[in-house]
$ cat run36.cif   # mmCIF, C-alpha atoms
data_data
loop_
_atom_site.label_atom_id
_atom_site.label_comp_id
_atom_site.auth_asym_id
_atom_site.auth_seq_id
_atom_site.Cartn_x
_atom_site.Cartn_y
_atom_site.Cartn_z
CA MET A 1 1.20 -47.96 62.57
CA ILE A 2 4.08 -50.37 63.27
CA LEU A 3 3.43 -52.66 66.23
CA SER A 4 5.85 -52.53 69.15
CA ASP A 5 6.80 -55.50 71.32
CA PHE A 6 4.09 -54.38 73.78
CA ASP A 7 1.47 -54.41 71.01
CA LEU A 8 2.70 -57.76 69.65
CA TRP A 9 2.45 -59.38 73.08
CA ASN A 10 -1.12 -58.05 73.43
CA TYR A 11 -2.10 -59.47 70.04
CA ILE A 12 -0.43 -62.80 70.86
CA LYS A 13 -1.87 -63.13 74.39
CA SER A 14 -5.38 -62.29 73.15
CA GLY A 15 -5.11 -64.95 70.41
CA ARG A 16 -5.60 -62.40 67.60
CA LEU A 17 -2.05 -63.08 66.32
CA LYS A 18 -0.99 -66.72 66.45
CA ILE A 19 2.65 -67.82 66.38
CA GLU A 20 3.36 -71.54 66.90
CA PRO A 21 5.70 -72.52 68.38
CA LEU A 22 6.26 -69.28 70.24
CA GLU A 23 9.67 -68.82 71.83
CA PRO A 24 9.71 -65.59 73.90
CA ASP A 25 13.09 -64.51 72.50
CA ILE A 26 11.71 -64.14 68.96
CA VAL A 27 9.62 -61.14 70.07
CA ARG A 28 11.83 -58.12 69.41
CA GLU A 29 11.42 -54.36 69.88
CA ASN A 30 9.33 -53.84 66.74
CA GLY A 31 8.70 -57.26 65.25
CA LEU A 32 9.38 -60.99 65.39
CA ASP A 33 12.54 -62.84 64.43
CA LEU A 34 11.46 -66.11 62.77
CA ARG A 35 13.63 -69.21 62.45
CA ILE A 36 14.81 -71.33 59.52
CA GLY A 37 12.96 -74.62 59.04
CA SER A 38 14.46 -77.95 58.01
CA THR A 39 13.81 -77.88 54.23
CA ILE A 40 15.42 -75.92 51.42
CA GLY A 41 14.23 -75.67 47.83
CA ARG A 42 17.02 -75.14 45.30
CA LEU A 43 16.29 -73.82 41.84
CA LYS A 44 17.94 -76.08 39.26
CA LYS A 45 20.25 -74.60 36.66
CA THR A 46 18.78 -75.60 33.32
CA GLU A 47 18.26 -74.39 29.77
CA LYS A 48 14.74 -75.83 29.79
CA VAL A 49 12.03 -73.19 29.52
CA PHE A 50 9.40 -73.08 32.24
CA ASP A 51 5.94 -72.23 30.95
CA PRO A 52 3.73 -70.97 33.81
CA LYS A 53 0.61 -71.83 31.79
CA ASN A 54 1.63 -75.40 31.07
CA GLY A 55 4.60 -76.49 33.12
CA ASP A 56 5.54 -78.71 36.02
CA ILE A 57 7.34 -76.46 38.52
CA GLU A 58 8.73 -79.48 40.41
CA GLU A 59 11.08 -80.16 37.46
CA PHE A 60 12.85 -76.89 38.27
CA PHE A 61 13.48 -77.44 41.99
CA THR A 62 15.32 -79.84 44.25
CA LEU A 63 14.06 -80.16 47.83
CA GLU A 64 16.51 -81.09 50.59
CA THR A 65 15.91 -81.70 54.27
CA GLY A 66 18.52 -81.35 56.99
CA ASP A 67 19.91 -79.52 60.00
CA SER A 68 22.01 -77.15 57.89
CA PHE A 69 22.33 -75.97 54.29
CA VAL A 70 24.92 -74.17 52.23
CA VAL A 71 23.67 -71.30 50.07
CA TYR A 72 26.11 -70.86 47.20
CA PRO A 73 27.10 -67.56 45.53
CA HIS A 74 24.17 -65.98 43.68
CA GLU A 75 22.04 -69.11 44.19
CA HIS A 76 18.29 -68.60 44.61
CA VAL A 77 16.75 -70.84 47.27
CA LEU A 78 13.45 -71.18 49.07
CA LEU A 79 13.47 -71.54 52.85
CA HIS A 80 10.60 -71.87 55.28
CA THR A 81 10.02 -70.78 58.83
CA ILE A 82 9.63 -73.10 61.78
CA GLU A 83 6.88 -70.83 63.03
CA TYR A 84 3.32 -71.15 61.79
CA VAL A 85 1.70 -67.70 61.82
CA ALA A 86 -1.92 -66.61 61.61
CA LEU A 87 -2.65 -62.92 61.09
CA PRO A 88 -5.97 -61.24 61.83
CA ARG A 89 -7.83 -59.16 59.23
CA ASP A 90 -6.44 -55.86 60.56
CA ILE A 91 -2.70 -56.69 60.54
CA MET A 92 -0.21 -57.15 57.68
CA ALA A 93 3.54 -57.61 57.86
CA PHE A 94 6.79 -56.81 56.06
CA VAL A 95 9.50 -59.49 55.88
CA ASN A 96 13.14 -58.44 56.09
CA LEU A 97 16.37 -60.41 56.34
CA ARG A 98 18.08 -59.99 59.70
CA SER A 99 20.91 -57.49 59.30
CA SER A 100 23.66 -59.95 60.30
CA TYR A 101 22.83 -62.07 57.23
CA ALA A 102 22.44 -59.02 54.99
CA ARG A 103 25.88 -57.82 56.08
CA ILE A 104 27.45 -60.97 54.61
CA GLY A 105 25.77 -60.43 51.25
CA LEU A 106 22.62 -62.55 51.51
CA THR A 107 19.40 -60.92 50.30
CA VAL A 108 15.67 -61.50 50.49
CA PRO A 109 13.44 -59.82 47.88
CA PRO A 110 10.69 -57.54 49.24
CA THR A 111 8.04 -59.77 50.78
CA ILE A 112 4.80 -59.03 52.61
CA ILE A 113 2.38 -61.14 54.60
CA ASP A 114 -1.23 -60.32 53.78
CA ALA A 115 -3.90 -59.75 56.39
CA ASN A 116 -5.59 -63.07 57.27
CA PHE A 117 -2.66 -65.18 55.99
CA GLU A 118 -2.09 -68.40 57.91
CA GLY A 119 0.81 -70.83 57.53
CA GLN A 120 4.55 -71.23 57.64
CA LEU A 121 6.32 -68.66 55.51
CA THR A 122 8.22 -69.65 52.36
CA ILE A 123 10.96 -67.09 51.76
CA GLU A 124 13.25 -66.67 48.77
CA MET A 125 16.89 -65.99 49.63
CA ILE A 126 19.69 -65.09 47.23
CA GLY A 127 23.30 -66.00 47.95
CA GLY A 128 26.04 -63.40 48.14
CA GLU A 129 29.67 -63.55 46.98
CA PHE A 130 30.73 -66.63 48.97
CA PRO A 131 29.05 -69.81 50.26
CA VAL A 132 27.19 -69.46 53.58
CA ARG A 133 26.04 -72.28 55.86
CA LEU A 134 22.61 -71.76 57.39
CA TYR A 135 21.29 -73.79 60.32
CA SER A 136 17.75 -74.92 60.97
CA GLY A 137 16.47 -73.20 64.10
CA GLU A 138 18.47 -69.98 63.62
CA ARG A 139 16.63 -66.65 63.51
CA PHE A 140 16.97 -65.40 59.91
CA ILE A 141 14.13 -63.01 59.11
CA HIS A 142 12.67 -60.08 60.97
CA VAL A 143 8.93 -59.56 60.47
CA VAL A 144 7.52 -56.08 61.10
CA PHE A 145 3.76 -55.96 61.70
CA ALA A 146 1.59 -52.99 60.77
CA LYS A 147 -1.95 -52.26 61.88
CA LEU A 148 -4.26 -51.44 58.99
CA THR A 149 -6.59 -48.45 59.23
CA SER A 150 -9.50 -50.89 59.01
CA PRO A 151 -9.89 -54.67 58.60
CA VAL A 152 -9.58 -55.83 55.00
CA GLU A 153 -12.81 -56.47 53.13
CA LYS A 154 -11.26 -59.28 51.09
CA PRO A 155 -9.05 -61.23 53.53
CA TYR A 156 -6.30 -63.42 52.10
CA SER A 157 -7.55 -66.89 51.18
CA GLY A 158 -5.17 -67.72 48.34
CA ARG A 159 -3.24 -70.75 47.20
CA TYR A 160 -0.60 -70.52 49.92
CA GLN A 161 -3.07 -70.42 52.82
CA LYS A 162 -2.18 -72.94 55.57
CA GLN A 163 1.06 -73.96 53.82
CA ARG A 164 3.70 -75.96 55.65
CA GLY A 165 7.32 -76.43 54.66
CA VAL A 166 8.70 -75.04 51.42
CA LYS A 167 5.78 -74.35 49.11
CA LEU A 168 6.77 -74.19 45.46
CA PRO A 169 5.20 -71.47 43.27
CA VAL A 170 1.69 -72.10 41.99
CA PHE A 171 0.62 -70.56 38.66
CA LYS A 172 -2.79 -72.15 38.07
#
$ encode --input "run36.cif" --output "structure tokens"
Amino acid sequence: MILSDFDLWNYIKSGRLKIEPLEPDIVRENGLDLRIGSTIGRLKKTEKVFDPKNGDIEEFFTLETGDSFVVYPHEHVLLHTIEYVALPRDIMAFVNLRSSYARIGLTVPPTIIDANFEGQLTIEMIGGEFPVRLYSGERFIHVVFAKLTSPVEKPYSGRYQKQRGVKLPVFK
């Protein structure tokens, strides 16, 4: 069952779903529009081979902080949300790019938020056919929440729990 704005407000007001900071205009008809944070992670173009079993991922990224960023054609970047979210054990969510950004060629690979996840979201975005300037504070993703038929028995407690800012991939 997809949660409506009415359901989302009930979850938020009861404290079962936490969104901080919460701006009322991010609550939409059937989800939340979350905003771009102030850091971007750019994948470096290199011929060096990354070995997930024995590699330093930081060698393959450049982190930048600012009020705006340009995403170049076909560039893969990591962005994070301003909002820190905490889901209960009976809710999961689907992350989608807002349609205005999709209509100019930007894409976000399929992404979900597991039940019991807590933290800012790190989202991969792929550039389109021309450079696009993104601004910190702008709504860029739409998150659709779904109620599970029962609370999960193994709630999320993985390596990205309680992350803040852009969190680089972890393979260990």
$ residues_around --input "run36.cif" --residues "stretch 47-59 of chain A" --least-positions-apart "6" --cutoff "9 Å" --atoms "only C-alpha atoms" --output "JSON, numbers by chain"
{"A": [168, 169, 170, 171, 172]}
$ residues_around --input "run36.cif" --residues "A:Val70" --least-positions-apart "3" --cutoff "9 Å" --atoms "only C-alpha atoms" --output "list in words"
Pro131, Val132, Arg133, Leu134 and Tyr135 of chain A
$ resolve_selection --input "run36.cif" --expression "the PyMOL selection byres ((chain A and resi 1) around 6)" --output "ChimeraX atom specification"
/A:2,146-147
$ closest_atom_pairs --input "run36.cif" --of "stretch 39-92 of chain A" --to "stretch 106-126 of chain A" --cutoff "6 Å" --atoms "all atoms listed in the file" --output "Markdown table"
| residue | atom | partner | partner_atom | distance |
| --- | --- | --- | --- | --- |
| A:His74 | CA | A:Ile126 | CA | 5.8 |
| A:Glu75 | CA | A:Ile126 | CA | 5.6 |
| A:His76 | CA | A:Ile126 | CA | 4.6 |
| A:Val77 | CA | A:Met125 | CA | 5.4 |
| A:Leu78 | CA | A:Glu124 | CA | 4.5 |
| A:Leu79 | CA | A:Ile123 | CA | 5.2 |
| A:His80 | CA | A:Thr122 | CA | 4.4 |
| A:Thr81 | CA | A:Leu121 | CA | 5.4 |
| A:Glu83 | CA | A:Gln120 | CA | 5.9 |
| A:Tyr84 | CA | A:Gln120 | CA | 4.3 |
| A:Val85 | CA | A:Gly119 | CA | 5.4 |
| A:Ala86 | CA | A:Glu118 | CA | 4.1 |
| A:Leu87 | CA | A:Asn116 | CA | 4.8 |
| A:Pro88 | CA | A:Asn116 | CA | 4.9 |
| A:Arg89 | CA | A:Ala115 | CA | 4.9 |
| A:Ile91 | CA | A:Ala115 | CA | 5.3 |
| A:Met92 | CA | A:Ala115 | CA | 4.7 |
$ closest_residue --input "run36.cif" --among "A:Glu20, A:Ile40, A:Leu8, A:Asp90" --to "A:Ser150" --atoms "all atoms listed in the file"
A:Asp90
$ atom_distance --input "run36.cif" --atom1 "atom CA of A:Arg164" --atom2 "atom CA of A:Leu43"
18.8 Å
$ resolve_selection --input "run36.cif" --expression "the PyMOL selection byres ((chain A and resi 35) around 6)" --output "ChimeraX atom specification"
/A:34,36,81-82,137-140
$ closest_residue --input "run36.cif" --among "A:Ala102, A:Leu32, A:Leu63, A:Leu148" --to "A:Lys18" --atoms "all atoms listed in the file"
A:Leu32
$ atom_distance --input "run36.cif" --atom1 "atom CA of A:Arg98" --atom2 "atom CA of A:Arg159"
27.0 Å
$ atom_distance --input "run36.cif" --atom1 "atom CA of A:Asp33" --atom2 "atom CA of A:Val95"
9.7 Å
$ closest_residue --input "run36.cif" --among "A:Ser14, A:Glu23, A:Gly66, A:His142" --to "A:Gly41" --atoms "all atoms listed in the file"
A:Gly66
$ closest_residue --input "run36.cif" --among "A:Gly158, A:Ser68, A:Val27, A:Phe61" --to "A:Thr46" --atoms "all atoms listed in the file"
A:Phe61
$ closest_residue --input "run36.cif" --among "A:Phe69, A:Asp5, A:Lys154, A:Val166" --to "A:Ile26" --atoms "all atoms listed in the file"
A:Asp5
$ closest_residue --input "run36.cif" --among "A:Gly165, A:Pro155, A:Gly37, A:Pro73" --to "A:Gly128" --atoms "all atoms listed in the file"
A:Pro73
$ resolve_selection --input "run36.cif" --expression "the PyMOL selection byres ((chain A and resi 30) around 8)" --output "ChimeraX atom specification"
/A:2-5,28-29,31-32,144-145
$ build_atoms --input "run36.cif" --residues "stretch 37-48 of chain A" --atoms "all heavy atoms" --output "mmCIF file, keeping the file's coordinate frame"
data_model
loop_
_atom_site.group_PDB
_atom_site.id
_atom_site.type_symbol
_atom_site.label_atom_id
_atom_site.label_comp_id
_atom_site.auth_asym_id
_atom_site.auth_seq_id
_atom_site.Cartn_x
_atom_site.Cartn_y
_atom_site.Cartn_z
ATOM 1 N N GLY A 37 13.452 -73.254 58.930
ATOM 2 C CA GLY A 37 12.960 -74.620 59.040
ATOM 3 C C GLY A 37 13.971 -75.627 58.526
ATOM 4 O O GLY A 37 15.136 -75.298 58.272
ATOM 5 N N SER A 38 13.540 -76.845 58.326
ATOM 6 C CA SER A 38 14.460 -77.950 58.010
ATOM 7 C C SER A 38 14.468 -78.351 56.534
ATOM 8 O O SER A 38 15.038 -79.375 56.182
ATOM 9 C CB SER A 38 14.097 -79.162 58.862
ATOM 10 O OG SER A 38 12.768 -79.558 58.593
ATOM 11 N N THR A 39 13.841 -77.551 55.658
ATOM 12 C CA THR A 39 13.810 -77.880 54.230
ATOM 13 C C THR A 39 14.260 -76.675 53.416
ATOM 14 O O THR A 39 13.928 -75.538 53.754
ATOM 15 C CB THR A 39 12.395 -78.298 53.793
ATOM 16 O OG1 THR A 39 11.957 -79.388 54.603
ATOM 17 C CG2 THR A 39 12.357 -78.718 52.331
ATOM 18 N N ILE A 40 15.002 -76.959 52.364
ATOM 19 C CA ILE A 40 15.420 -75.920 51.420
ATOM 20 C C ILE A 40 15.016 -76.364 50.019
ATOM 21 O O ILE A 40 15.090 -77.543 49.692
ATOM 22 C CB ILE A 40 16.951 -75.664 51.509
ATOM 23 C CG1 ILE A 40 17.378 -74.463 50.652
ATOM 24 C CG2 ILE A 40 17.740 -76.901 51.138
ATOM 25 C CD1 ILE A 40 18.830 -74.034 50.877
ATOM 26 N N GLY A 41 14.541 -75.420 49.235
ATOM 27 C CA GLY A 41 14.230 -75.670 47.830
ATOM 28 C C GLY A 41 15.266 -74.963 46.979
ATOM 29 O O GLY A 41 15.432 -73.752 47.090
ATOM 30 N N ARG A 42 15.985 -75.720 46.169
ATOM 31 C CA ARG A 42 17.020 -75.140 45.300
ATOM 32 C C ARG A 42 16.512 -75.081 43.870
ATOM 33 O O ARG A 42 16.034 -76.089 43.350
ATOM 34 C CB ARG A 42 18.292 -75.979 45.349
ATOM 35 C CG ARG A 42 18.953 -76.024 46.708
ATOM 36 C CD ARG A 42 20.275 -76.787 46.628
ATOM 37 N NE ARG A 42 20.816 -76.992 47.944
ATOM 38 C CZ ARG A 42 21.544 -76.086 48.600
ATOM 39 N NH1 ARG A 42 21.822 -74.933 48.050
ATOM 40 N NH2 ARG A 42 22.006 -76.354 49.814
ATOM 41 N N LEU A 43 16.622 -73.932 43.251
ATOM 42 C CA LEU A 43 16.290 -73.820 41.840
ATOM 43 C C LEU A 43 17.376 -74.518 41.040
ATOM 44 O O LEU A 43 18.564 -74.308 41.286
ATOM 45 C CB LEU A 43 16.186 -72.358 41.405
ATOM 46 C CG LEU A 43 14.870 -71.660 41.744
ATOM 47 C CD1 LEU A 43 14.818 -71.238 43.190
ATOM 48 C CD2 LEU A 43 14.676 -70.485 40.826
ATOM 49 N N LYS A 44 16.977 -75.364 40.103
ATOM 50 C CA LYS A 44 17.940 -76.080 39.260
ATOM 51 C C LYS A 44 18.439 -75.167 38.160
ATOM 52 O O LYS A 44 17.679 -74.362 37.618
ATOM 53 C CB LYS A 44 17.279 -77.312 38.627
ATOM 54 C CG LYS A 44 16.864 -78.368 39.607
ATOM 55 C CD LYS A 44 16.189 -79.512 38.867
ATOM 56 C CE LYS A 44 15.683 -80.576 39.812
ATOM 57 N NZ LYS A 44 14.964 -81.636 39.086
ATOM 58 N N LYS A 45 19.702 -75.316 37.816
ATOM 59 C CA LYS A 45 20.250 -74.600 36.660
ATOM 60 C C LYS A 45 19.926 -75.451 35.431
ATOM 61 O O LYS A 45 20.288 -76.619 35.361
ATOM 62 C CB LYS A 45 21.751 -74.415 36.815
ATOM 63 C CG LYS A 45 22.110 -73.489 37.970
ATOM 64 C CD LYS A 45 23.571 -73.162 37.968
ATOM 65 C CE LYS A 45 23.975 -72.391 39.177
ATOM 66 N NZ LYS A 45 23.525 -71.050 39.243
ATOM 67 N N THR A 46 19.218 -74.857 34.490
ATOM 68 C CA THR A 46 18.780 -75.600 33.320
ATOM 69 C C THR A 46 18.541 -74.635 32.160
ATOM 70 O O THR A 46 18.305 -73.444 32.378
ATOM 71 C CB THR A 46 17.481 -76.394 33.609
ATOM 72 O OG1 THR A 46 17.079 -77.082 32.433
ATOM 73 C CG2 THR A 46 16.352 -75.499 34.070
ATOM 74 N N GLU A 47 18.596 -75.163 30.966
ATOM 75 C CA GLU A 47 18.260 -74.390 29.770
ATOM 76 C C GLU A 47 16.803 -74.600 29.384
ATOM 77 O O GLU A 47 16.283 -73.943 28.479
ATOM 78 C CB GLU A 47 19.180 -74.791 28.603
ATOM 79 C CG GLU A 47 20.639 -74.449 28.835
ATOM 80 C CD GLU A 47 20.893 -72.954 28.950
ATOM 81 O OE1 GLU A 47 20.298 -72.181 28.161
ATOM 82 O OE2 GLU A 47 21.672 -72.553 29.839
ATOM 83 N N LYS A 48 16.144 -75.545 30.073
ATOM 84 C CA LYS A 48 14.740 -75.830 29.790
ATOM 85 C C LYS A 48 13.893 -74.608 30.127
ATOM 86 O O LYS A 48 14.132 -73.933 31.125
ATOM 87 C CB LYS A 48 14.298 -77.036 30.620
ATOM 88 C CG LYS A 48 12.916 -77.513 30.303
ATOM 89 C CD LYS A 48 12.592 -78.788 31.051
ATOM 90 C CE LYS A 48 11.209 -79.244 30.682
ATOM 91 N NZ LYS A 48 10.815 -80.449 31.405
#
